[in-house]
>>> print(open('my_file.pdb').read())   # PDB, C-alpha atoms, pLDDT in the B column
MODEL        1
ATOM      1  CA  MET A 509     -87.226 -14.030 -11.189  1.00 46.00           C
ATOM      2  CA  VAL A 510     -84.198 -12.548  -9.466  1.00 50.00           C
ATOM      3  CA  ASP A 511     -84.668  -9.043  -8.100  1.00 63.00           C
ATOM      4  CA  VAL A 512     -81.890  -6.894  -9.565  1.00 70.00           C
ATOM      5  CA  ASP A 513     -80.315  -4.383  -7.183  1.00 81.00           C
ATOM      6  CA  LEU A 514     -80.332  -1.098  -9.084  1.00 87.00           C
ATOM      7  CA  LYS A 515     -79.373   1.153  -6.166  1.00 88.00           C
ATOM      8  CA  GLY A 516     -76.580   3.455  -7.198  1.00 92.00           C
ATOM      9  CA  SER A 517     -77.418   3.233 -10.905  1.00 96.00           C
ATOM     10  CA  ARG A 518     -76.459   6.479 -12.614  1.00 97.00           C
ATOM     11  CA  VAL A 519     -79.258   8.447 -14.256  1.00 98.00           C
ATOM     12  CA  LEU A 520     -78.615  11.593 -16.287  1.00 98.00           C
ATOM     13  CA  VAL A 521     -81.592  13.971 -16.243  1.00 98.00           C
ATOM     14  CA  VAL A 522     -81.656  16.491 -19.108  1.00 98.00           C
ATOM     15  CA  ASP A 523     -84.114  19.394 -18.874  1.00 97.00           C
ATOM     16  CA  ASP A 524     -83.850  23.165 -19.166  1.00 96.00           C
ATOM     17  CA  VAL A 525     -86.628  23.816 -16.597  1.00 95.00           C
ATOM     18  CA  PRO A 526     -85.339  23.910 -12.996  1.00 96.00           C
ATOM     19  CA  ALA A 527     -88.719  22.854 -11.528  1.00 95.00           C
ATOM     20  CA  ASN A 528     -88.755  19.698 -13.681  1.00 94.00           C
ATOM     21  CA  LEU A 529     -85.187  18.903 -12.658  1.00 96.00           C
ATOM     22  CA  ASP A 530     -86.072  19.336  -8.983  1.00 96.00           C
ATOM     23  CA  VAL A 531     -89.036  16.944  -9.134  1.00 96.00           C
ATOM     24  CA  LEU A 532     -87.239  14.288 -11.181  1.00 97.00           C
ATOM     25  CA  CYS A 533     -83.989  14.465  -9.214  1.00 97.00           C
ATOM     26  CA  HIS A 534     -85.805  14.205  -5.883  1.00 97.00           C
ATOM     27  CA  ALA A 535     -87.832  11.182  -7.030  1.00 97.00           C
ATOM     28  CA  LEU A 536     -84.759   9.410  -8.438  1.00 97.00           C
ATOM     29  CA  GLU A 537     -82.552  10.180  -5.440  1.00 97.00           C
ATOM     30  CA  THR A 538     -85.289   8.943  -3.091  1.00 96.00           C
ATOM     31  CA  ALA A 539     -85.214   5.668  -5.061  1.00 95.00           C
ATOM     32  CA  ALA A 540     -81.426   5.483  -4.397  1.00 95.00           C
ATOM     33  CA  TYR A 541     -80.250   6.348  -7.909  1.00 97.00           C
ATOM     34  CA  ARG A 542     -77.200   8.547  -8.453  1.00 97.00           C
ATOM     35  CA  VAL A 543     -78.362  11.535 -10.453  1.00 98.00           C
ATOM     36  CA  GLU A 544     -76.458  13.824 -12.785  1.00 98.00           C
ATOM     37  CA  VAL A 545     -78.035  16.886 -14.407  1.00 98.00           C
ATOM     38  CA  ALA A 546     -77.646  18.595 -17.769  1.00 98.00           C
ATOM     39  CA  ILE A 547     -79.612  21.709 -18.730  1.00 97.00           C
ATOM     40  CA  ASN A 548     -79.226  21.342 -22.504  1.00 97.00           C
ATOM     41  CA  GLY A 549     -78.369  18.845 -25.223  1.00 98.00           C
ATOM     42  CA  LEU A 550     -74.749  19.852 -25.614  1.00 97.00           C
ATOM     43  CA  SER A 551     -73.959  19.448 -21.920  1.00 97.00           C
ATOM     44  CA  ALA A 552     -75.837  16.124 -21.974  1.00 98.00           C
ATOM     45  CA  LEU A 553     -73.556  14.872 -24.759  1.00 98.00           C
ATOM     46  CA  ASN A 554     -70.465  15.946 -22.815  1.00 98.00           C
ATOM     47  CA  ILE A 555     -71.614  14.411 -19.523  1.00 98.00           C
ATOM     48  CA  ALA A 556     -72.708  11.167 -21.187  1.00 98.00           C
ATOM     49  CA  ALA A 557     -69.357  10.806 -22.962  1.00 97.00           C
ATOM     50  CA  GLU A 558     -67.469  11.493 -19.737  1.00 97.00           C
ATOM     51  CA  SER A 559     -69.435   9.484 -17.175  1.00 96.00           C
ATOM     52  CA  THR A 560     -71.454   6.969 -19.252  1.00 96.00           C
ATOM     53  CA  PRO A 561     -74.688   6.986 -17.224  1.00 98.00           C
ATOM     54  CA  ASP A 562     -76.798   3.832 -17.002  1.00 98.00           C
ATOM     55  CA  LEU A 563     -79.873   5.661 -18.341  1.00 98.00           C
ATOM     56  CA  ILE A 564     -80.833   9.122 -19.618  1.00 98.00           C
ATOM     57  CA  LEU A 565     -84.155  10.874 -18.959  1.00 98.00           C
ATOM     58  CA  MET A 566     -84.378  13.618 -21.581  1.00 98.00           C
ATOM     59  CA  ASP A 567     -86.698  16.516 -22.296  1.00 97.00           C
ATOM     60  CA  VAL A 568     -87.397  17.182 -25.975  1.00 97.00           C
ATOM     61  CA  VAL A 569     -87.887  20.966 -26.121  1.00 95.00           C
ATOM     62  CA  MET A 570     -84.640  22.673 -25.107  1.00 95.00           C
ATOM     63  CA  PRO A 571     -82.638  25.607 -26.471  1.00 92.00           C
ATOM     64  CA  GLY A 572     -79.905  24.641 -28.932  1.00 93.00           C
ATOM     65  CA  LEU A 573     -79.999  20.885 -29.530  1.00 96.00           C
ATOM     66  CA  ASN A 574     -83.431  19.435 -28.886  1.00 97.00           C
ATOM     67  CA  GLY A 575     -83.806  16.055 -27.202  1.00 98.00           C
ATOM     68  CA  PHE A 576     -84.338  14.128 -30.438  1.00 98.00           C
ATOM     69  CA  GLU A 577     -81.143  15.464 -32.038  1.00 98.00           C
ATOM     70  CA  THR A 578     -79.224  14.915 -28.792  1.00 98.00           C
ATOM     71  CA  CYS A 579     -80.405  11.295 -28.750  1.00 98.00           C
ATOM     72  CA  ARG A 580     -79.430  10.775 -32.412  1.00 98.00           C
ATOM     73  CA  ARG A 581     -75.929  12.042 -31.601  1.00 98.00           C
ATOM     74  CA  LEU A 582     -75.674   9.774 -28.541  1.00 98.00           C
ATOM     75  CA  LYS A 583     -76.681   6.773 -30.663  1.00 98.00           C
ATOM     76  CA  ALA A 584     -74.067   7.678 -33.294  1.00 98.00           C
ATOM     77  CA  GLU A 585     -71.178   7.412 -30.800  1.00 97.00           C
ATOM     78  CA  THR A 586     -69.708   4.042 -29.841  1.00 96.00           C
ATOM     79  CA  SER A 587     -69.251   5.033 -26.187  1.00 96.00           C
ATOM     80  CA  THR A 588     -72.867   6.191 -25.677  1.00 98.00           C
ATOM     81  CA  LYS A 589     -74.946   4.234 -28.225  1.00 97.00           C
ATOM     82  CA  ASP A 590     -76.094   1.597 -25.713  1.00 97.00           C
ATOM     83  CA  ILE A 591     -77.343   4.014 -23.032  1.00 98.00           C
ATOM     84  CA  PRO A 592     -81.159   3.780 -22.853  1.00 98.00           C
ATOM     85  CA  VAL A 593     -82.851   7.158 -23.430  1.00 98.00           C
ATOM     86  CA  ILE A 594     -86.340   7.858 -22.092  1.00 98.00           C
ATOM     87  CA  PHE A 595     -87.938  11.022 -23.417  1.00 98.00           C
ATOM     88  CA  ILE A 596     -90.008  12.991 -20.927  1.00 95.00           C
ATOM     89  CA  THR A 597     -91.828  15.883 -22.542  1.00 93.00           C
ATOM     90  CA  GLY A 598     -95.018  17.863 -22.953  1.00 91.00           C
ATOM     91  CA  LYS A 599     -95.075  16.953 -26.655  1.00 89.00           C
ATOM     92  CA  GLY A 600     -97.502  14.059 -26.859  1.00 89.00           C
ATOM     93  CA  GLU A 601     -98.621  14.014 -30.487  1.00 93.00           C
ATOM     94  CA  THR A 602     -98.238  10.702 -32.321  1.00 94.00           C
ATOM     95  CA  GLU A 603     -95.726  12.168 -34.801  1.00 95.00           C
ATOM     96  CA  GLU A 604     -93.518  13.395 -31.949  1.00 95.00           C
ATOM     97  CA  ILE A 605     -93.698  10.107 -30.095  1.00 95.00           C
ATOM     98  CA  ASN A 606     -92.745   8.293 -33.322  1.00 97.00           C
ATOM     99  CA  GLU A 607     -89.851  10.710 -33.878  1.00 97.00           C
ATOM    100  CA  GLY A 608     -88.619   9.962 -30.356  1.00 97.00           C
ATOM    101  CA  PHE A 609     -88.484   6.240 -31.052  1.00 98.00           C
ATOM    102  CA  GLN A 610     -86.917   6.811 -34.482  1.00 98.00           C
ATOM    103  CA  ALA A 611     -84.227   8.949 -32.816  1.00 98.00           C
ATOM    104  CA  GLY A 612     -83.311   5.958 -30.641  1.00 98.00           C
ATOM    105  CA  GLY A 613     -85.395   6.441 -27.502  1.00 98.00           C
ATOM    106  CA  VAL A 614     -86.528   3.340 -25.603  1.00 98.00           C
ATOM    107  CA  ASP A 615     -89.564   4.989 -23.998  1.00 98.00           C
ATOM    108  CA  TYR A 616     -91.621   8.182 -24.073  1.00 97.00           C
ATOM    109  CA  ILE A 617     -93.362   9.815 -21.096  1.00 97.00           C
ATOM    110  CA  VAL A 618     -95.739  12.738 -21.617  1.00 95.00           C
ATOM    111  CA  LYS A 619     -95.839  15.583 -19.066  1.00 92.00           C
ATOM    112  CA  PRO A 620     -97.461  16.079 -16.696  1.00 92.00           C
ATOM    113  CA  PHE A 621     -96.092  12.791 -15.389  1.00 92.00           C
ATOM    114  CA  GLN A 622     -96.683  10.657 -12.313  1.00 94.00           C
ATOM    115  CA  LYS A 623     -93.475  10.145 -10.312  1.00 94.00           C
ATOM    116  CA  GLU A 624     -94.378   6.492  -9.709  1.00 95.00           C
ATOM    117  CA  GLU A 625     -94.743   5.869 -13.441  1.00 95.00           C
ATOM    118  CA  VAL A 626     -91.363   7.478 -14.157  1.00 97.00           C
ATOM    119  CA  LEU A 627     -89.686   5.350 -11.479  1.00 97.00           C
ATOM    120  CA  ILE A 628     -91.250   2.130 -12.794  1.00 96.00           C
ATOM    121  CA  ARG A 629     -90.191   2.902 -16.365  1.00 97.00           C
ATOM    122  CA  VAL A 630     -86.665   3.824 -15.239  1.00 97.00           C
ATOM    123  CA  ARG A 631     -86.406   0.602 -13.250  1.00 96.00           C
ATOM    124  CA  ASN A 632     -87.718  -1.526 -16.156  1.00 96.00           C
ATOM    125  CA  HIS A 633     -85.233  -0.077 -18.628  1.00 97.00           C
ATOM    126  CA  LEU A 634     -82.326  -0.318 -16.191  1.00 96.00           C
ATOM    127  CA  GLU A 635     -83.175  -4.005 -15.623  1.00 94.00           C
ATOM    128  CA  ARG A 636     -83.338  -4.613 -19.391  1.00 93.00           C
ATOM    129  CA  ALA A 637     -80.010  -2.863 -19.900  1.00 91.00           C
ATOM    130  CA  ARG A 638     -78.349  -5.119 -17.314  1.00 85.00           C
TER     131      ARG A 638
ENDMDL
END
>>> encode(input="my_file.pdb", output="structure tokens")
Amino acid sequence: MVDVDLKGSRVLVVDDVPANLDVLCHALETAAYRVEVAINGLSALNIAAESTPDLILMDVVMPGLNGFETCRRLKAETSTKDIPVIFITGKGETEEINEGFQAGGVDYIVKPFQKEEVLIRVRNHLERAR
């Protein structure tokens, strides 16, 4: 198997909690990803349409548009429908996980998360997307 060089891949992190953004951004930047940040669903839609990230890590519970609705809107647009979305949230009930996949998510991580697990899942989905 050929090892794919994913350094410089663009990851959009969407979360309304600064502490979560700090932890995720630091882990991703340490792994040599280029990170963009959105603090709500609407700004995530705008950033994704403008810069077309390689992957989106998205919280579910946010003011305004929640993560599921944001993902549905991304999947409805030609320019953003192929961007893999990984939900990362404290909502870990089966119904919520199912809703995340039905909204178009490719993966679902429940908080509190392990940084290593997030990085492995990000890498796996970036490789699949290539």
>>> atom_distance(input="my_file.pdb", atom1="atom CA of Gln610 of chain A", atom2="atom CA of Arg638 of chain A")
22.6 Å
>>> residues_near_point(input="my_file.pdb", point="(-86.1, 8.8, -23.4)", cutoff="8 Å", atoms="all atoms listed in the file", output="short mmCIF file (atom, residue, chain, number, x, y, z; two decimals) with C-alpha atoms, in the coordinates of the input")
data_model
loop_
_atom_site.label_atom_id
_atom_site.label_comp_id
_atom_site.auth_asym_id
_atom_site.auth_seq_id
_atom_site.Cartn_x
_atom_site.Cartn_y
_atom_site.Cartn_z
CA ILE A 564 -80.83 9.12 -19.62
CA LEU A 565 -84.16 10.87 -18.96
CA MET A 566 -84.38 13.62 -21.58
CA ASP A 567 -86.70 16.52 -22.30
CA PRO A 592 -81.16 3.78 -22.85
CA VAL A 593 -82.85 7.16 -23.43
CA ILE A 594 -86.34 7.86 -22.09
CA PHE A 595 -87.94 11.02 -23.42
CA ILE A 596 -90.01 12.99 -20.93
CA GLY A 608 -88.62 9.96 -30.36
CA GLY A 613 -85.40 6.44 -27.50
CA VAL A 614 -86.53 3.34 -25.60
CA ASP A 615 -89.56 4.99 -24.00
CA TYR A 616 -91.62 8.18 -24.07
CA ILE A 617 -93.36 9.82 -21.10
#
>>> residues_around(input="my_file.pdb", residues="Leu627 of chain A", least_positions_apart="5", cutoff="8 Å", atoms="all atoms listed in the file", output="number ranges by chain")
A: 535-536, 539
>>> closest_atom_pairs(input="my_file.pdb", of="segment 558-637 of chain A", to="segment 513-530 of chain A", cutoff="9 Å", atoms="only C-alpha atoms", output="tab-separated table")
residue	atom	partner	partner_atom	distance
A:Ser559	CA	A:Arg518	CA	8.9
A:Thr560	CA	A:Arg518	CA	8.3
A:Pro561	CA	A:Arg518	CA	5.0
A:Asp562	CA	A:Arg518	CA	5.1
A:Leu563	CA	A:Val519	CA	5.0
A:Ile564	CA	A:Leu520	CA	4.7
A:Leu565	CA	A:Val521	CA	4.9
A:Met566	CA	A:Val522	CA	4.7
A:Asp567	CA	A:Asp523	CA	5.2
A:Val568	CA	A:Asp523	CA	8.1
A:Val569	CA	A:Asp523	CA	8.3
A:Met570	CA	A:Asp524	CA	6.0
A:Pro571	CA	A:Asp524	CA	7.8
A:Gly575	CA	A:Val522	CA	8.4
A:Ile596	CA	A:Asp523	CA	8.9
A:Val630	CA	A:Val519	CA	8.8
A:Arg631	CA	A:Leu514	CA	7.6
A:Leu634	CA	A:Leu514	CA	7.4
A:Glu635	CA	A:Leu514	CA	7.7
>>> atom_distance(input="my_file.pdb", atom1="atom CA of Val626 of chain A", atom2="atom CA of Val531 of chain A")
11.0 Å
>>> closest_residue(input="my_file.pdb", among="A:Ala637, A:Leu532, A:Ala584, A:Ala557", to="Pro620 of chain A", atoms="all atoms listed in the file")
A:Leu532
>>> residues_around(input="my_file.pdb", residues="Glu577 of chain A", least_positions_apart="2", cutoff="10 Å", atoms="only C-alpha atoms", output="number ranges by chain")
A: 549, 568, 572-575, 579-583, 608, 611-612
